[in-house]
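Colleague: Sharing final-v1.cif here; it has mmCIF, C-alpha atoms.
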```cif
data_my_file
#
loop_
_atom_site.label_atom_id
_atom_site.label_comp_id
_atom_site.auth_asym_id
_atom_site.auth_seq_id
_atom_site.Cartn_x
_atom_site.Cartn_y
_atom_site.Cartn_z
CA MET A 1238 -23.15 11.95 -19.61
CA THR A 1239 -19.42 12.63 -19.05
CA ASP A 1240 -16.68 11.56 -21.44
CA ALA A 1241 -15.83 8.77 -19.00
CA HIS A 1242 -19.41 7.51 -19.03
CA GLU A 1243 -19.41 7.55 -22.84
CA THR A 1244 -16.12 5.68 -23.06
CA ALA A 1245 -17.23 3.03 -20.58
CA ALA A 1246 -20.55 2.61 -22.35
CA ASP A 1247 -18.91 2.00 -25.75
CA PRO A 1248 -17.44 -1.54 -25.87
CA SER A 1249 -15.29 -0.66 -28.90
CA LEU A 1250 -13.40 1.90 -26.78
CA ARG A 1251 -12.90 -0.16 -23.64
CA THR A 1252 -9.62 -1.89 -22.88
CA THR A 1253 -9.57 -5.62 -23.61
CA GLY A 1254 -7.03 -8.14 -22.41
CA GLY A 1255 -5.56 -5.48 -20.14
CA ALA A 1256 -4.28 -3.26 -22.96
CA PRO A 1257 -5.57 0.12 -24.17
CA PRO A 1258 -7.00 0.07 -27.69
CA ASP A 1259 -5.15 1.55 -30.64
CA ASP A 1260 -6.57 4.31 -32.82
CA ALA A 1261 -8.85 1.82 -34.58
CA GLY A 1262 -10.32 0.66 -31.29
CA SER A 1263 -8.61 -2.75 -31.19
CA SER A 1264 -6.04 -4.05 -28.72
CA VAL A 1265 -2.40 -4.78 -29.48
CA THR A 1266 -2.07 -8.56 -29.89
CA GLN A 1267 1.55 -9.16 -30.97
CA ALA A 1268 3.79 -11.17 -28.67
CA PRO A 1269 5.55 -9.01 -26.04
CA THR A 1270 9.31 -8.44 -26.26
CA PRO A 1271 11.53 -9.51 -23.33
CA LEU A 1272 13.41 -6.55 -21.82
CA LEU A 1273 16.73 -8.01 -20.74
CA GLU A 1274 19.18 -5.10 -20.43
CA PRO A 1275 18.92 -1.38 -19.59
CA ARG A 1276 19.61 0.85 -22.58
CA GLU A 1277 22.89 2.15 -21.17
CA GLY A 1278 23.76 -1.04 -19.29
CA VAL A 1279 23.66 -1.52 -15.52
CA PRO A 1280 25.07 1.62 -13.86
CA PRO A 1281 27.45 1.42 -10.89
CA VAL A 1282 25.87 1.79 -7.47
CA ILE A 1283 26.28 5.30 -6.02
CA ALA A 1284 27.78 4.85 -2.56
CA ASP A 1285 29.78 8.00 -1.73
CA ALA A 1286 29.30 11.76 -1.57
CA ALA A 1287 31.32 12.57 -4.69
CA ALA A 1288 29.37 10.17 -6.91
CA LEU A 1289 26.10 11.38 -5.41
CA ALA A 1290 27.02 14.98 -6.23
CA GLU A 1291 27.63 14.02 -9.87
CA VAL A 1292 24.29 12.23 -10.11
CA THR A 1293 22.51 15.15 -8.48
CA ALA A 1294 23.94 17.55 -11.05
CA ALA A 1295 23.05 15.21 -13.92
CA PHE A 1296 19.44 14.86 -12.79
CA ALA A 1297 19.12 18.59 -12.22
CA ALA A 1298 20.22 19.12 -15.84
CA GLY A 1299 17.91 16.42 -17.23
CA THR A 1300 14.56 17.03 -18.87
CA GLY A 1301 11.04 15.76 -18.31
CA PRO A 1302 9.64 13.64 -15.47
CA VAL A 1303 11.89 11.54 -13.24
CA ALA A 1304 11.11 7.86 -12.69
CA VAL A 1305 11.63 6.79 -9.07
CA ASP A 1306 11.56 3.41 -7.35
CA ALA A 1307 12.84 1.99 -4.07
CA GLU A 1308 13.65 -1.50 -2.88
CA ARG A 1309 13.04 -2.55 0.74
CA ALA A 1310 13.94 -5.72 2.64
CA SER A 1311 10.45 -6.66 3.83
CA GLY A 1312 10.48 -10.04 5.54
CA TYR A 1313 14.21 -9.78 6.26
CA ARG A 1314 14.83 -6.55 8.18
CA TYR A 1315 12.96 -4.58 10.83
CA GLY A 1316 10.96 -1.67 9.47
CA GLN A 1317 10.47 -0.48 5.91
CA ARG A 1318 13.62 1.48 5.15
CA ALA A 1319 14.94 1.73 1.59
CA TYR A 1320 18.03 -0.30 0.67
CA LEU A 1321 18.24 0.82 -2.96
CA VAL A 1322 16.83 3.83 -4.78
CA GLN A 1323 16.50 3.83 -8.57
CA LEU A 1324 15.96 6.93 -10.70
CA ARG A 1325 15.82 7.64 -14.41
CA ARG A 1326 15.43 10.88 -16.32
CA GLU A 1327 15.88 11.93 -19.91
CA GLY A 1328 19.37 13.33 -20.34
CA ALA A 1329 20.61 11.81 -17.06
CA GLY A 1330 20.09 8.09 -17.64
CA THR A 1331 19.55 5.67 -14.78
CA ALA A 1332 21.06 5.96 -11.30
CA LEU A 1333 21.18 3.30 -8.60
CA ILE A 1334 21.83 4.78 -5.16
CA ASP A 1335 22.72 2.98 -1.93
CA PRO A 1336 20.79 4.87 0.78
CA VAL A 1337 22.71 3.03 3.51
CA ALA A 1338 25.98 4.58 2.32
CA CYS A 1339 24.21 7.82 1.29
CA PRO A 1340 21.45 8.24 3.92
CA ASP A 1341 20.62 11.87 3.09
CA LEU A 1342 19.22 12.36 -0.41
CA SER A 1343 17.58 15.71 0.32
CA GLY A 1344 20.02 17.43 -2.05
CA LEU A 1345 18.98 15.15 -4.90
CA SER A 1346 15.33 15.69 -3.97
CA ALA A 1347 15.82 19.45 -4.11
CA ALA A 1348 17.50 19.17 -7.52
CA VAL A 1349 14.30 17.69 -8.97
CA SER A 1350 11.83 19.38 -6.62
CA GLY A 1351 9.81 21.08 -9.34
CA VAL A 1352 9.69 17.96 -11.50
CA GLU A 1353 6.94 15.36 -11.67
CA TRP A 1354 8.02 12.08 -10.09
CA VAL A 1355 6.71 8.90 -11.72
CA LEU A 1356 6.22 6.00 -9.31
CA HIS A 1357 4.36 2.70 -9.42
CA ALA A 1358 2.22 2.19 -6.28
CA ALA A 1359 3.49 5.45 -4.82
CA THR A 1360 2.01 4.96 -1.35
CA GLN A 1361 4.32 1.97 -0.84
CA ASP A 1362 7.53 3.84 -1.65
CA LEU A 1363 6.89 7.39 -0.45
CA PRO A 1364 7.28 6.63 3.30
CA CYS A 1365 10.75 5.10 2.91
CA LEU A 1366 11.76 7.82 0.44
CA ARG A 1367 10.63 10.48 2.90
CA ASP A 1368 12.90 8.93 5.55
CA ILE A 1369 15.96 9.66 3.39
CA GLY A 1370 14.92 13.20 2.46
CA MET A 1371 13.17 12.55 -0.84
CA VAL A 1372 9.79 14.30 -0.95
CA PRO A 1373 8.05 15.03 -4.28
CA ALA A 1374 5.82 18.02 -4.94
CA ARG A 1375 4.07 16.32 -7.88
CA ILE A 1376 3.66 12.66 -8.75
CA PHE A 1377 2.19 10.38 -11.40
CA ASP A 1378 1.31 6.95 -10.03
CA THR A 1379 1.21 4.41 -12.85
CA GLU A 1380 -0.54 1.75 -10.75
CA LEU A 1381 -3.32 4.11 -9.69
CA ALA A 1382 -3.59 5.40 -13.26
CA GLY A 1383 -4.10 1.82 -14.40
CA ARG A 1384 -6.85 1.30 -11.85
CA LEU A 1385 -8.69 4.45 -12.89
CA ALA A 1386 -8.35 3.50 -16.56
CA GLY A 1387 -9.93 0.11 -15.90
CA PHE A 1388 -6.97 -2.23 -16.38
CA PRO A 1389 -7.69 -5.62 -14.77
CA ARG A 1390 -4.04 -6.21 -13.80
CA VAL A 1391 -2.04 -3.26 -12.50
CA GLY A 1392 1.25 -4.74 -11.31
CA LEU A 1393 4.25 -3.09 -12.98
CA GLY A 1394 5.10 -6.17 -15.02
CA ALA A 1395 1.55 -6.59 -16.26
CA MET A 1396 1.22 -2.90 -17.10
CA VAL A 1397 4.50 -2.71 -19.01
CA GLU A 1398 3.57 -5.85 -20.94
CA ASN A 1399 -0.02 -4.90 -21.74
CA VAL A 1400 0.56 -1.21 -22.44
CA LEU A 1401 4.06 -1.10 -23.93
CA GLY A 1402 4.55 -4.67 -25.16
CA PHE A 1403 7.66 -5.53 -23.10
CA VAL A 1404 8.20 -8.28 -20.55
CA LEU A 1405 10.06 -7.37 -17.36
CA GLU A 1406 11.98 -10.05 -15.48
CA LYS A 1407 10.43 -10.13 -11.99
CA GLY A 1408 12.41 -12.93 -10.32
CA HIS A 1409 14.10 -10.71 -7.72
CA SER A 1410 11.13 -8.84 -6.30
CA ALA A 1411 11.24 -10.57 -2.89
CA VAL A 1412 14.99 -10.86 -2.29
CA ASP A 1413 16.88 -9.41 0.68
CA TRP A 1414 17.84 -5.97 -0.62
CA SER A 1415 19.94 -5.29 2.48
CA THR A 1416 22.53 -7.73 1.04
CA ARG A 1417 25.89 -6.12 0.33
CA PRO A 1418 27.28 -6.11 -2.25
CA LEU A 1419 24.13 -6.43 -4.30
CA PRO A 1420 24.47 -9.13 -7.01
CA GLU A 1421 24.62 -7.96 -10.62
CA PRO A 1422 21.35 -9.70 -11.64
CA TRP A 1423 19.52 -7.87 -8.85
CA LEU A 1424 20.91 -4.53 -9.99
CA ARG A 1425 19.86 -5.27 -13.56
CA TYR A 1426 16.35 -6.04 -12.34
CA ALA A 1427 16.28 -2.81 -10.30
CA ALA A 1428 17.46 -0.69 -13.24
CA LEU A 1429 14.84 -2.22 -15.54
CA ASP A 1430 12.09 -1.27 -13.07
CA VAL A 1431 12.56 2.41 -13.98
CA GLU A 1432 13.64 1.85 -17.59
CA LEU A 1433 10.16 2.26 -19.08
CA LEU A 1434 8.32 3.98 -16.24
CA VAL A 1435 8.12 7.37 -18.00
CA ASP A 1436 7.05 5.66 -21.24
CA LEU A 1437 4.30 3.92 -19.28
CA ARG A 1438 3.30 7.23 -17.71
CA ASP A 1439 2.97 8.88 -21.13
CA ALA A 1440 0.84 6.06 -22.53
CA LEU A 1441 -1.44 6.04 -19.48
CA GLU A 1442 -1.84 9.80 -19.58
CA LYS A 1443 -3.11 9.51 -23.15
CA GLU A 1444 -5.48 6.69 -22.19
CA LEU A 1445 -6.85 8.59 -19.19
CA ASP A 1446 -7.33 11.67 -21.35
CA ARG A 1447 -9.15 9.57 -23.96
CA GLN A 1448 -11.49 8.24 -21.28
CA GLY A 1449 -12.12 11.68 -19.78
CA LYS A 1450 -10.44 10.68 -16.51
CA LEU A 1451 -7.17 12.60 -16.62
CA GLU A 1452 -8.33 15.35 -14.27
CA TRP A 1453 -9.61 12.69 -11.88
CA ALA A 1454 -6.18 11.08 -11.85
CA ARG A 1455 -4.46 14.40 -11.25
CA GLN A 1456 -6.64 15.02 -8.21
CA GLU A 1457 -5.75 11.57 -6.86
CA PHE A 1458 -2.04 12.14 -7.44
CA ASP A 1459 -2.17 15.53 -5.72
CA ALA A 1460 -3.92 13.96 -2.73
CA ILE A 1461 -1.18 11.34 -2.39
CA ALA A 1462 1.65 13.86 -2.75
CA SER A 1463 0.16 16.23 -0.17
CA ALA A 1464 -0.91 13.59 2.37
CA PRO A 1465 0.87 13.82 5.75
CA PRO A 1466 2.81 10.82 7.07
CA ALA A 1467 0.53 8.11 8.42
CA GLU A 1468 -0.07 8.07 12.15
CA PRO A 1469 1.41 5.06 13.99
CA ARG A 1470 -1.15 2.31 14.48
CA LYS A 1471 -2.73 2.12 17.92
CA GLU A 1472 -2.28 -1.28 19.53
CA PRO A 1473 -0.55 -2.85 16.51
CA TRP A 1474 -0.35 -6.18 18.35
CA ARG A 1475 -4.04 -6.65 17.58
CA ARG A 1476 -3.07 -7.26 13.94
CA THR A 1477 -1.35 -10.54 14.86
CA SER A 1478 -2.45 -13.18 12.38
CA GLY A 1479 -4.89 -15.62 13.97
CA MET A 1480 -6.24 -13.15 16.54
CA HIS A 1481 -9.80 -14.26 15.76
CA LYS A 1482 -9.10 -17.40 17.82
CA VAL A 1483 -8.23 -15.40 20.94
CA ARG A 1484 -11.36 -14.64 22.97
CA ARG A 1485 -10.46 -14.16 26.64
CA ARG A 1486 -8.89 -10.97 27.97
CA ARG A 1487 -6.08 -12.84 29.74
CA GLN A 1488 -5.19 -14.50 26.46
CA LEU A 1489 -5.22 -11.13 24.73
CA ALA A 1490 -2.74 -9.92 27.33
CA VAL A 1491 -0.41 -12.80 26.44
CA VAL A 1492 -0.56 -11.83 22.76
CA ARG A 1493 0.24 -8.23 23.68
CA GLU A 1494 3.21 -9.15 25.93
CA LEU A 1495 4.71 -11.62 23.46
CA TRP A 1496 4.17 -9.23 20.52
CA GLN A 1497 5.84 -6.32 22.33
CA THR A 1498 8.74 -8.51 23.48
CA ARG A 1499 9.22 -9.80 19.95
CA ASP A 1500 9.11 -6.28 18.54
CA ARG A 1501 11.83 -5.05 20.90
CA ILE A 1502 14.07 -8.01 20.01
CA ALA A 1503 13.46 -7.58 16.27
CA GLN A 1504 14.23 -3.87 16.41
CA ARG A 1505 17.44 -4.48 18.37
CA ARG A 1506 18.60 -7.17 15.94
CA ASP A 1507 17.28 -5.36 12.86
CA VAL A 1508 15.44 -8.43 11.61
CA SER A 1509 11.85 -9.02 10.57
CA PRO A 1510 9.68 -9.80 13.64
CA GLY A 1511 8.47 -12.96 11.92
CA LYS A 1512 12.04 -14.29 11.98
CA VAL A 1513 12.15 -13.87 15.76
CA LEU A 1514 8.85 -15.58 16.52
CA GLY A 1515 5.93 -16.44 14.28
CA ASP A 1516 2.41 -15.13 14.78
CA ALA A 1517 1.11 -18.70 15.00
CA ALA A 1518 3.39 -19.38 17.98
CA ILE A 1519 2.19 -16.23 19.75
CA VAL A 1520 -1.45 -17.23 19.32
CA GLU A 1521 -0.77 -20.80 20.44
CA ALA A 1522 0.92 -19.58 23.62
CA ALA A 1523 -1.98 -17.21 24.29
CA LEU A 1524 -4.53 -20.02 23.99
CA ALA A 1525 -2.51 -22.44 26.13
CA LEU A 1526 -1.43 -19.98 28.88
CA PRO A 1527 1.58 -22.21 29.75
CA PRO A 1528 2.49 -22.08 33.46
CA ASN A 1529 6.22 -22.63 32.91
CA ALA A 1530 8.97 -22.82 30.28
CA HIS A 1531 8.68 -26.63 30.08
CA ALA A 1532 5.02 -26.34 29.07
CA LEU A 1533 5.85 -23.52 26.64
CA ALA A 1534 8.52 -25.64 24.94
CA ALA A 1535 5.88 -28.26 24.12
CA LEU A 1536 3.95 -25.78 21.98
CA ASN A 1537 4.38 -25.41 18.21
CA GLY A 1538 6.92 -22.70 17.41
CA PHE A 1539 8.85 -22.99 20.69
CA GLY A 1540 10.32 -26.48 20.49
CA ARG A 1541 13.61 -25.41 18.88
CA VAL A 1542 14.09 -22.24 20.93
CA ASN A 1543 17.17 -22.28 23.18
CA ARG A 1544 16.73 -22.18 26.95
CA ARG A 1545 17.57 -18.49 27.42
CA GLN A 1546 15.12 -17.43 24.71
CA LEU A 1547 12.49 -19.79 26.06
CA GLU A 1548 12.75 -18.19 29.48
CA GLN A 1549 12.45 -14.79 27.85
CA TRP A 1550 9.15 -15.77 26.20
CA GLN A 1551 7.88 -17.40 29.39
CA THR A 1552 8.64 -14.21 31.30
CA ALA A 1553 6.38 -12.34 28.88
CA VAL A 1554 3.63 -14.92 29.42
CA ASP A 1555 4.07 -14.64 33.20
CA ARG A 1556 3.70 -10.86 33.01
CA ALA A 1557 0.35 -11.31 31.32
CA ARG A 1558 -0.71 -13.96 33.83
CA SER A 1559 0.06 -11.62 36.75
CA LEU A 1560 -1.91 -8.60 35.52
CA SER A 1561 -4.94 -7.47 37.45
CA GLU A 1562 -8.34 -7.54 35.77
CA SER A 1563 -8.25 -3.77 35.28
CA GLN A 1564 -4.93 -4.03 33.42
CA LEU A 1565 -6.15 -6.58 30.88
CA PRO A 1566 -6.89 -5.37 27.32
CA GLN A 1567 -10.48 -5.10 26.20
CA PRO A 1568 -11.78 -7.66 23.69
CA GLY A 1569 -11.92 -5.14 20.84
CA GLN A 1570 -10.42 -1.80 19.91
CA PRO A 1571 -12.51 1.32 20.56
CA VAL A 1572 -14.63 1.85 17.48
CA THR A 1573 -14.75 5.28 15.87
CA GLY A 1574 -17.49 5.85 13.38
CA PRO A 1575 -20.21 3.38 12.36
CA PRO A 1576 -20.43 -0.15 13.79
CA PRO A 1577 -19.60 -3.14 11.58
CA PRO A 1578 -22.18 -3.40 8.75
CA ARG A 1579 -23.29 -6.86 9.92
CA ALA A 1580 -24.71 -5.22 13.06
CA TRP A 1581 -26.70 -2.53 11.24
CA ALA A 1582 -29.86 -4.55 10.72
CA ASP A 1583 -30.29 -4.93 14.49
CA LYS A 1584 -29.05 -1.51 15.55
CA ASP A 1585 -30.66 0.62 12.85
CA PRO A 1586 -32.71 -1.13 10.14
CA ALA A 1587 -33.20 2.15 8.24
CA ALA A 1588 -29.43 2.68 8.05
CA ALA A 1589 -29.02 -0.90 6.86
CA ALA A 1590 -31.50 -0.23 4.06
CA ARG A 1591 -29.66 2.95 3.10
CA LEU A 1592 -26.35 1.09 3.01
CA SER A 1593 -27.74 -1.69 0.85
CA ALA A 1594 -29.11 0.79 -1.66
CA ALA A 1595 -25.91 2.85 -1.62
CA ARG A 1596 -23.68 -0.16 -2.17
CA ALA A 1597 -25.75 -1.27 -5.13
CA ALA A 1598 -25.64 2.23 -6.62
CA VAL A 1599 -21.87 2.57 -6.17
CA THR A 1600 -21.29 -0.89 -7.67
CA ALA A 1601 -23.35 -0.03 -10.72
CA LEU A 1602 -21.60 3.32 -11.16
CA ALA A 1603 -18.12 1.77 -10.81
CA GLU A 1604 -19.01 -0.78 -13.48
CA ARG A 1605 -20.19 1.95 -15.84
CA LEU A 1606 -16.98 3.91 -15.25
CA ASN A 1607 -14.86 0.75 -15.59
CA MET A 1608 -12.89 1.14 -12.35
CA PRO A 1609 -12.70 -0.56 -8.94
CA GLN A 1610 -15.34 0.57 -6.44
CA GLU A 1611 -12.72 1.50 -3.84
CA ASN A 1612 -11.13 3.96 -6.26
CA LEU A 1613 -14.47 5.51 -7.10
CA ILE A 1614 -15.22 6.10 -3.39
CA THR A 1615 -13.91 4.39 -0.27
CA PRO A 1616 -16.32 1.92 1.39
CA ASP A 1617 -15.72 3.68 4.72
CA THR A 1618 -16.97 6.97 3.30
CA VAL A 1619 -20.13 5.30 2.00
CA ARG A 1620 -20.74 3.68 5.39
CA ARG A 1621 -20.30 6.94 7.28
CA VAL A 1622 -22.69 8.86 5.04
CA CYS A 1623 -25.28 6.09 5.26
CA TRP A 1624 -25.00 5.77 9.05
CA GLU A 1625 -25.37 9.51 9.66
CA PRO A 1626 -26.91 11.04 6.52
CA PRO A 1627 -27.54 14.79 6.24
CA ALA A 1628 -30.78 16.01 7.81
CA THR A 1629 -31.92 17.06 4.35
CA VAL A 1630 -30.83 14.70 1.60
CA ASP A 1631 -29.98 16.66 -1.53
CA ALA A 1632 -27.01 17.11 -3.83
CA GLU A 1633 -25.54 19.97 -1.83
CA SER A 1634 -25.72 18.27 1.57
CA VAL A 1635 -24.54 14.87 0.36
CA GLY A 1636 -21.69 16.48 -1.60
CA ALA A 1637 -20.66 18.41 1.52
CA ALA A 1638 -20.74 15.21 3.56
CA LEU A 1639 -18.54 13.40 1.04
CA THR A 1640 -16.09 16.29 0.99
CA GLY A 1641 -16.00 16.27 4.78
CA HIS A 1642 -14.93 12.64 4.71
CA GLY A 1643 -12.06 13.37 2.32
CA ALA A 1644 -13.59 12.66 -1.08
CA ARG A 1645 -11.96 14.50 -3.98
CA PRO A 1646 -14.01 16.87 -6.15
CA TRP A 1647 -14.26 14.38 -9.02
CA GLN A 1648 -15.56 11.71 -6.64
CA VAL A 1649 -18.13 14.10 -5.20
CA GLU A 1650 -19.31 14.98 -8.71
CA GLN A 1651 -19.66 11.36 -9.81
CA VAL A 1652 -20.99 9.74 -6.65
CA THR A 1653 -23.36 12.39 -5.26
CA PRO A 1654 -26.30 11.73 -7.65
CA ALA A 1655 -26.13 7.99 -7.01
CA LEU A 1656 -25.97 8.45 -3.23
CA VAL A 1657 -28.81 10.99 -3.18
CA ALA A 1658 -31.01 8.48 -4.99
CA ALA A 1659 -29.90 5.63 -2.73
CA LEU A 1660 -30.39 7.58 0.50
CA THR A 1661 -33.82 8.73 -0.65
CA GLU A 1662 -34.73 5.17 -1.60
CA GLY A 1663 -33.46 3.88 1.73
CA VAL A 1664 -35.88 6.05 3.70
CA SER A 1665 -38.91 5.68 1.42
#
```
Represent the structure of the file as structure tokens.

Modeller:
Amino acid sequence: MTDAHETAADPSLRTTGGAPPDDAGSSVTQAPTPLLEPREGVPPVIADAAALAEVTAAFAAGTGPVAVDAERASGYRYGQRAYLVQLRREGAGTALIDPVACPDLSGLSAAVSGVEWVLHAATQDLPCLRDIGMVPARIFDTELAGRLAGFPRVGLGAMVENVLGFVLEKGHSAVDWSTRPLPEPWLRYAALDVELLVDLRDALEKELDRQGKLEWARQEFDAIASAPPAEPRKEPWRRTSGMHKVRRRRQLAVVRELWQTRDRIAQRRDVSPGKVLGDAAIVEAALALPPNAHALAALNGFGRVNRRQLEQWQTAVDRARSLSESQLPQPGQPVTGPPPPRAWADKDPAAAARLSAARAAVTALAERLNMPQENLITPDTVRRVCWEPPATVDAESVGAALTGHGARPWQVEQVTPALVAALTEGVS
């Protein structure tokens, strides 16, 4: 049994109430302390080359890991660009940088290139950081660390409170960060987000080490840091909310035309697509197939649209109405890999039995290790191995299959025995 198995099996060592136990095996229970001000106060926003050069030099001369965070304007602006970047490092203090005024931060990135970057939910921030030239070589993700360590709540506020005993003010998490100038309370909130990030990292590293999961976490962090940029989604219009109501191909074409028209307008105006036209309105128009602008105006979501805009939306509907049958989208996207699990019983009963056994085994293992199943192994990987198992089911072949689907070494080591047993059971 690994150290992680032993820790998870011993209730006196498991985290309770979301906090890691102290040396005596009990959780910290004193009331958390509100964190109201950064230690050095709210720093001025860096918005010119000279100030950026000073910050770059200060962070290059600092010591230890660098805490990094970014604020976007999701729901307000088009895309996911960063509108504020926060950093903190021992010896350099906290810096707040305006990436609109300073769009190239590659020099700052180079100054801390050999340093571990500490982020919370790194996969959310790394794409927008990459766009402004900030690319880490090594990371520590405090959210992912919390998941692996078995914390039930892994938001930054919950983690700081449960692990360090401080309460972060989270009232500005969903504001429009493209606002200029940024209000002082927002800047205070942004500075506090990196105030204790390195302290949280240090505490979580100790907890992961205690549980025997530190090497697992390092493998996960390395995988995130080395992952290439995500490929653009194919046919993103199919993700329109409410698409399950749209059945006919002509109606699907209306969704596609309206979605693409909306996207072009939103990009040109630099506003969130939802502020141009809601998903519900797109779906309603697709179901109704209005023959003219008057009929379109009677639908929910279009009643307050001015005449010119209304004609623009009707033109998109008319384009869909005029398409030939061969030009209409297919009801579903081309499926790569296994079919949906609900279809397995009919298509391949043996595969369905394998999947049922594998899911039960993974669930039991995740519970023993005190972590979410999806962090132990992705459901897609389990499905693929169960749909097309190795010709000979043994530890070597199953481990190779898991590796081929992107599983990390620690996942292969932990999951392989359970999957071998499940796949053998599924065919017996």

Colleague: Of the candidates A:Leu1324, A:Val1492, A:Ala1659, A:Ile1614, which shows the shortest atom-to-atom distance to Leu1434 (chain A), using all atoms listed in the file?

Modeller: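 Nearest to Leu1434 (chain A): A:Leu1324.
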
Colleague: Can you tell me, as a ChimeraX atom specification, what residues are no more than 10 Å from Ala1298 (chain A) when counting only C-alpha atoms, ignoring any on the same chain fewer than 4 positions away?

Modeller: /A:1292-1294,1326-1329,1348-1349

Colleague: Leaving out Ala1644 (chain A) and any residue of its chain fewer than 3 positions from it, which residues lie within 12 Å of it when counting only C-alpha atoms, given as a list in words?

Modeller: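 The residues satisfying every condition are Trp1453, Gln1456, Glu1457, Ala1460, Glu1611, Asn1612, Leu1613, Ile1614, Thr1615, Pro1616, Asp1617, Thr1618, Val1619, Val1622, Val1635, Gly1636, Ala1637, Ala1638, Leu1639, Thr1640, Gly1641, Trp1647, Gln1648, Val1649, Glu1650, Gln1651, Val1652 and Thr1653 of chain A.
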
Colleague: Take the PyMOL selection byres ((chain A and resi 1415-1423) around 10), run it mentally on this structure, and tell me the resulting residues as a VMD selection string.

Modeller: chain A and resid 1279 1281 to 1282 1308 to 1311 1313 to 1314 1318 to 1321 1335 1337 1407 to 1410 1412 to 1414 1424 to 1429

Colleague: Kindly provide the residues of region 1575-1643 of chain A that approach region 1378-1388 of chain A to within 8 Å, each paired with its closest atom pair and their distance in Å to one decimal, based on all atoms listed in the file, listed by chain and increasing number, as a Markdown table.

Modeller:
```
| residue | atom | partner | partner_atom | distance |
| --- | --- | --- | --- | --- |
| A:Asn1607 | CA | A:Gly1387 | CA | 5.0 |
| A:Met1608 | CA | A:Gly1387 | CA | 4.7 |
| A:Pro1609 | CA | A:Arg1384 | CA | 6.8 |
| A:Asn1612 | CA | A:Leu1385 | CA | 7.1 |
```

Colleague: Those residues you just picked out, can you put them in a file as a PDB file, in the coordinates of the input with C-alpha atoms?

Modeller:
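Once written, selection.pdb looks like this:
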```pdb
ATOM      1  CA  ASN A1607     -14.860   0.750 -15.590  1.00  0.00           C
ATOM      2  CA  MET A1608     -12.890   1.140 -12.350  1.00  0.00           C
ATOM      3  CA  PRO A1609     -12.700  -0.560  -8.940  1.00  0.00           C
ATOM      4  CA  ASN A1612     -11.130   3.960  -6.260  1.00  0.00           C
TER       5      ASN A1612
END
```

Colleague: What does the distance from CA of Pro1336 (chain A) to CA of Asp1500 (chain A) come to in Å, to one decimal?

Modeller: 24.0 Å

Colleague: Return the single residue from A:Ala1530, A:Leu1393, A:Trp1581, A:Gly1351 that is closest to Val1542 (chain A), with distances computed using only C-alpha atoms.

Modeller: A:Ala1530

Colleague: May I ask for the distance between CA of Arg1506 (chain A) and CA of Thr1477 (chain A), given in Å to one decimal place?

Modeller: 20.3 Å

Colleague: Taking 6 positions as the minimum chain separation for residues in the same chain, which residues sit within 7 Å of Gln1323 (chain A) when counting only C-alpha atoms? Answer as a list in words.

Modeller: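 Residues near the query, excluding close chain neighbours: Val1305, Asp1306, Ala1307, Ala1332, Leu1333, Ile1334, Ala1427, Ala1428 and Val1431 of chain A.
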
Colleague: Taking C-alpha atoms for each residue, export the selection above as an mmCIF file, keeping the file's coordinate frame.

Modeller:
```
data_model
loop_
_atom_site.group_PDB
_atom_site.id
_atom_site.type_symbol
_atom_site.label_atom_id
_atom_site.label_comp_id
_atom_site.auth_asym_id
_atom_site.auth_seq_id
_atom_site.Cartn_x
_atom_site.Cartn_y
_atom_site.Cartn_z
ATOM 1 C CA VAL A 1305 11.630 6.790 -9.070
ATOM 2 C CA ASP A 1306 11.560 3.410 -7.350
ATOM 3 C CA ALA A 1307 12.840 1.990 -4.070
ATOM 4 C CA ALA A 1332 21.060 5.960 -11.300
ATOM 5 C CA LEU A 1333 21.180 3.300 -8.600
ATOM 6 C CA ILE A 1334 21.830 4.780 -5.160
ATOM 7 C CA ALA A 1427 16.280 -2.810 -10.300
ATOM 8 C CA ALA A 1428 17.460 -0.690 -13.240
ATOM 9 C CA VAL A 1431 12.560 2.410 -13.980
#
```

Colleague: Just so the selection is clear, what residues does the PyMOL selection byres ((chain A and resi 1529) around 12) cover here, as a ChimeraX atom specification?

Modeller: /A:1522,1525-1528,1530-1536,1547-1555,1558

Colleague: May I ask which of the residues A:Leu1401, A:Val1303, A:Ala1582, A:Cys1339 is the closest one to Arg1375 (chain A), counting all atoms listed in the file?

Modeller: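 Between A:Leu1401, A:Val1303, A:Ala1582, A:Cys1339, the residue approaching Arg1375 (chain A) most closely is A:Val1303.
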
Colleague: Would you please work out which residue, of A:Ser1346, A:Gln1546, A:Ser1509, A:Gln1497, is nearest to Pro1473 (chain A) when using all atoms listed in the file?

Modeller: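 Looking at the shortest contact to Pro1473 (chain A), the residue is A:Gln1497.
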